[in-house]
Amino acid sequence: MYIYIVRHGQSMGNLKGGFAGHTDYPLSDLGHKQARMTADFLKDEHIETVISSTLTRAKQTAEPIAADRGLEVIGCKEFMEMNFGDWEGKPLDEVEREYNGAVSQWKKEMYKTVCPNGESTVDCYNRAVNALKETAAKYDGHDICIVSHGAIIKCLCCFLHGLPIEKLQDVIWADNASVTKLEYKNGEFKIVYECKSDHMGEYVTGVSKAMREA
C-alpha cells in the first residue's frame, strides 16, 4: 500500500503571511496552478481514495487529483492545520510583541508552542500521527492520497523519521503542493520520498523565510 501526502497549494493566507491555521483561506491563482501540476505528477499513480483536510485550500488542492480518477474528495477534520487560536490572521511581529517572544520560540523550539485559545504543538502532533495511523489501518491494501497542511506534515515527517517531538525543528517544511510518498506494510511506515516539489519547477513556493528563520 502506498500513501501520498500532499500539502495544499499556495493559499491567500500564504500571501498574507503569519499563521493561517483554521482560518479558511482559498488557494491563490498560483495555488490552483500548483494543484493542477501536482495532479499531473500523480496521474499515473494507482490512487483509489483521496482524503483531504476540510479547509478550502486543501480541498481545492485535492479536487483535481480526485477528479482525474472520477473520485469524490473525502473530508477529514483530523488533517486540518494546527489551530493557532488568537494568533491567526495577525502579522508575525504583532504576535511576537503581544505574546512575549512566541514567534521566536516557535522558530527555535516549536514543540513548546501553546497557542492561546488554540492548540499546542504536542496536541497537533498527536492528532496528526493518530490520524495517519487510523487512516492507514482503515484503507490498508488500497493506495490513498491525503491532502493536508504545513505543520501537520512537519509533525508527520518527524514521526516517520523516528525522531522525538523535541527534534521537530530539525524536520524540513513541505513546499506548497509537494508530495511525500509512503509505503505502509504490516503496520509500519517507510518513506519512499519526502516533500518532493521539483515537478513544479519555477512555480515552487514554500513556508516564508520569516516563518522559518530566527
# chains A, B, ... in the order shown; residues from 1 in each chain; ligands from 1
>>> closest_atom_pairs(of="stretch 46-141 of chain A", to="stretch 145-166 of chain A", cutoff="10 Å", atoms="only C-alpha atoms", output="CSV")
residue,atom,partner,partner_atom,distance
A:His46,CA,A:Cys145,CA,9.9
A:Ile47,CA,A:Cys145,CA,6.5
A:Glu48,CA,A:Cys145,CA,8.1
A:Thr49,CA,A:Cys145,CA,6.3
A:Val50,CA,A:Cys145,CA,4.8
A:Ile51,CA,A:Ile146,CA,4.8
A:Ser52,CA,A:Val147,CA,4.6
A:Ser53,CA,A:Ser148,CA,5.5
A:Thr54,CA,A:Ser148,CA,9.0
A:Leu55,CA,A:Ser148,CA,8.8
A:Arg57,CA,A:Ser148,CA,9.0
A:Ala58,CA,A:Val147,CA,5.8
A:Lys59,CA,A:Val147,CA,7.5
A:Gln60,CA,A:Val147,CA,9.6
A:Thr61,CA,A:Val147,CA,7.2
A:Ala62,CA,A:Val147,CA,6.1
A:Glu63,CA,A:Val147,CA,9.8
A:Ile65,CA,A:Cys145,CA,8.5
A:Ala66,CA,A:Cys145,CA,9.0
A:Val73,CA,A:Ile146,CA,9.7
A:Ile74,CA,A:Ile146,CA,9.4
A:Gly75,CA,A:Val147,CA,9.6
A:Cys76,CA,A:Ile146,CA,9.3
A:Lys77,CA,A:Ser148,CA,9.8
A:Glu78,CA,A:Ser148,CA,9.4
A:Phe79,CA,A:Ser148,CA,5.6
A:Met80,CA,A:Ser148,CA,6.4
A:Glu81,CA,A:His149,CA,5.3
A:Met82,CA,A:Ala151,CA,6.4
A:Asn83,CA,A:Ala151,CA,9.9
A:Glu109,CA,A:Glu166,CA,7.5
A:Met110,CA,A:Glu166,CA,8.1
A:Tyr111,CA,A:Glu166,CA,5.9
A:Lys112,CA,A:Glu166,CA,8.4
A:Thr121,CA,A:Cys155,CA,8.7
A:Val122,CA,A:Ile165,CA,7.7
A:Cys124,CA,A:Ile152,CA,7.1
A:Tyr125,CA,A:Cys155,CA,5.3
A:Asn126,CA,A:Cys155,CA,8.5
A:Arg127,CA,A:Ile152,CA,8.7
A:Ala128,CA,A:Ile152,CA,5.9
A:Val129,CA,A:Leu156,CA,6.0
A:Asn130,CA,A:Leu156,CA,9.7
A:Ala131,CA,A:Leu156,CA,9.8
A:Leu132,CA,A:Leu156,CA,8.0
A:Thr135,CA,A:Ile146,CA,9.3
>>> write_last_selection(atoms="N, CA and C atoms", output="short mmCIF file (atom, residue, chain, number, x, y, z; two decimals), in the first residue's frame")
data_model
loop_
_atom_site.label_atom_id
_atom_site.label_comp_id
_atom_site.auth_asym_id
_atom_site.auth_seq_id
_atom_site.Cartn_x
_atom_site.Cartn_y
_atom_site.Cartn_z
N HIS A 46 -1.61 4.73 -8.84
CA HIS A 46 -2.87 4.00 -8.65
C HIS A 46 -3.51 4.43 -7.33
N ILE A 47 -4.05 5.65 -7.32
CA ILE A 47 -4.70 6.19 -6.12
C ILE A 47 -6.18 5.86 -6.18
N GLU A 48 -6.66 5.19 -5.13
CA GLU A 48 -8.04 4.72 -5.10
C GLU A 48 -8.95 5.58 -4.22
N THR A 49 -8.35 6.35 -3.31
CA THR A 49 -9.13 7.18 -2.39
C THR A 49 -8.37 8.49 -2.17
N VAL A 50 -9.09 9.61 -2.18
CA VAL A 50 -8.50 10.92 -1.92
C VAL A 50 -9.16 11.52 -0.69
N ILE A 51 -8.35 11.80 0.30
CA ILE A 51 -8.81 12.32 1.59
C ILE A 51 -8.21 13.71 1.78
N SER A 52 -8.99 14.63 2.33
CA SER A 52 -8.49 15.99 2.49
C SER A 52 -8.91 16.58 3.82
N SER A 53 -8.06 17.43 4.36
CA SER A 53 -8.48 18.37 5.39
C SER A 53 -9.76 19.05 4.91
N THR A 54 -10.61 19.45 5.83
CA THR A 54 -11.87 20.09 5.46
C THR A 54 -11.70 21.58 5.16
N LEU A 55 -10.51 22.12 5.26
CA LEU A 55 -10.28 23.53 4.92
C LEU A 55 -10.22 23.70 3.40
N ARG A 57 -8.49 25.43 1.22
CA ARG A 57 -7.23 25.37 0.45
C ARG A 57 -6.77 23.94 0.22
N ALA A 58 -7.06 23.06 1.16
CA ALA A 58 -6.71 21.64 1.00
C ALA A 58 -7.69 20.95 0.04
N LYS A 59 -8.98 21.22 0.21
CA LYS A 59 -9.98 20.61 -0.67
C LYS A 59 -9.75 21.01 -2.12
N GLN A 60 -9.43 22.28 -2.35
CA GLN A 60 -9.20 22.73 -3.72
C GLN A 60 -7.96 22.08 -4.33
N THR A 61 -6.99 21.72 -3.50
CA THR A 61 -5.80 21.01 -3.98
C THR A 61 -6.13 19.55 -4.27
N ALA A 62 -7.00 18.98 -3.46
CA ALA A 62 -7.38 17.57 -3.63
C ALA A 62 -8.28 17.34 -4.83
N GLU A 63 -9.09 18.33 -5.18
CA GLU A 63 -10.13 18.12 -6.20
C GLU A 63 -9.60 17.66 -7.56
N ILE A 65 -6.89 15.99 -8.21
CA ILE A 65 -6.36 14.64 -8.04
C ILE A 65 -7.52 13.64 -8.07
N ALA A 66 -8.59 13.98 -7.35
CA ALA A 66 -9.76 13.10 -7.32
C ALA A 66 -10.49 13.08 -8.65
N VAL A 73 -13.79 13.75 -3.14
CA VAL A 73 -12.85 14.01 -2.04
C VAL A 73 -13.56 13.70 -0.72
N ILE A 74 -12.90 12.92 0.13
CA ILE A 74 -13.43 12.60 1.46
C ILE A 74 -12.81 13.57 2.46
N GLY A 75 -13.64 14.35 3.14
CA GLY A 75 -13.15 15.32 4.11
C GLY A 75 -12.81 14.66 5.44
N CYS A 76 -11.73 15.11 6.05
CA CYS A 76 -11.32 14.60 7.36
C CYS A 76 -10.76 15.75 8.18
N LYS A 77 -11.49 16.17 9.21
CA LYS A 77 -11.06 17.32 10.01
C LYS A 77 -9.80 17.05 10.80
N GLU A 78 -9.46 15.78 11.00
CA GLU A 78 -8.25 15.46 11.76
C GLU A 78 -6.98 15.86 11.01
N PHE A 79 -7.09 16.08 9.70
CA PHE A 79 -5.94 16.52 8.91
C PHE A 79 -5.93 18.04 8.70
N MET A 80 -6.80 18.77 9.43
CA MET A 80 -6.77 20.22 9.38
C MET A 80 -5.46 20.75 9.95
N GLU A 81 -5.12 21.98 9.55
CA GLU A 81 -3.90 22.61 10.05
C GLU A 81 -3.97 22.81 11.57
N MET A 82 -2.83 23.02 12.18
CA MET A 82 -2.77 23.36 13.59
C MET A 82 -3.64 24.58 13.85
N ASN A 83 -4.37 24.56 14.95
CA ASN A 83 -5.22 25.69 15.34
C ASN A 83 -4.37 26.69 16.12
N GLU A 109 12.10 26.41 19.19
CA GLU A 109 11.65 25.26 19.98
C GLU A 109 10.15 25.07 19.73
N MET A 110 9.84 24.71 18.51
CA MET A 110 8.45 24.62 18.06
C MET A 110 7.60 23.72 18.95
N TYR A 111 8.20 22.67 19.47
CA TYR A 111 7.44 21.69 20.24
C TYR A 111 6.88 22.27 21.54
N LYS A 112 7.41 23.41 21.99
CA LYS A 112 6.94 24.03 23.23
C LYS A 112 5.76 24.97 23.02
N THR A 121 1.51 22.48 20.13
CA THR A 121 2.20 21.67 19.13
C THR A 121 2.11 20.19 19.48
N VAL A 122 2.20 19.88 20.76
CA VAL A 122 2.11 18.47 21.20
C VAL A 122 0.76 17.88 20.82
N CYS A 124 -1.21 18.95 18.41
CA CYS A 124 -1.24 18.88 16.95
C CYS A 124 -0.49 17.64 16.46
N TYR A 125 0.68 17.40 17.03
CA TYR A 125 1.50 16.24 16.67
C TYR A 125 0.72 14.95 16.92
N ASN A 126 0.13 14.84 18.10
CA ASN A 126 -0.61 13.61 18.44
C ASN A 126 -1.82 13.42 17.53
N ARG A 127 -2.51 14.50 17.23
CA ARG A 127 -3.66 14.43 16.32
C ARG A 127 -3.23 13.96 14.93
N ALA A 128 -2.15 14.53 14.41
CA ALA A 128 -1.68 14.17 13.07
C ALA A 128 -1.24 12.71 13.00
N VAL A 129 -0.45 12.29 13.96
CA VAL A 129 0.07 10.91 13.95
C VAL A 129 -1.07 9.90 14.12
N ASN A 130 -1.99 10.17 15.03
CA ASN A 130 -3.12 9.27 15.22
C ASN A 130 -3.98 9.18 13.96
N ALA A 131 -4.18 10.33 13.31
CA ALA A 131 -4.98 10.34 12.08
C ALA A 131 -4.32 9.52 10.98
N LEU A 132 -3.00 9.64 10.85
CA LEU A 132 -2.29 8.86 9.84
C LEU A 132 -2.40 7.36 10.14
N THR A 135 -6.03 6.16 9.53
CA THR A 135 -6.38 6.17 8.11
C THR A 135 -5.68 5.04 7.37
#
>>> closest_atom_pairs(of="stretch 83-147 of chain A", to="stretch 8-23 of chain A", cutoff="8 Å", atoms="only C-alpha atoms", output="tab-separated table")
residue	atom	partner	partner_atom	distance
A:Asn83	CA	A:Gly21	CA	4.9
A:Phe84	CA	A:Gly21	CA	5.4
A:Gly85	CA	A:Gly21	CA	7.8
A:Trp87	CA	A:Phe19	CA	6.5
A:Glu88	CA	A:Phe19	CA	5.1
A:Gly89	CA	A:Phe19	CA	6.1
A:Lys90	CA	A:Gly18	CA	6.0
A:Pro91	CA	A:Gly18	CA	5.1
A:Leu92	CA	A:Gly18	CA	5.3
A:Val147	CA	A:His8	CA	6.4
>>> select_by_dssp(residues="stretch 22-173 of chain A", states="helix (DSSP H, G or I)", output="MDAnalysis selection string")
chainID A and resid 29:41 56:67 77:79 85:87 92:98 102:108 110:112 121:138 150:160 165:170
>>> closest_residue(among="A:Asp86, A:Arg69, A:Val179, A:Lys133", to="A:Asp44", atoms="only C-alpha atoms")
A:Arg69
>>> atom_distance(atom1="atom CA of A:Asp198", atom2="atom CA of A:Tyr2")
20.2 Å
>>> atom_distance(atom1="atom CA of A:Asp140", atom2="atom CA of A:Met1")
6.6 Å
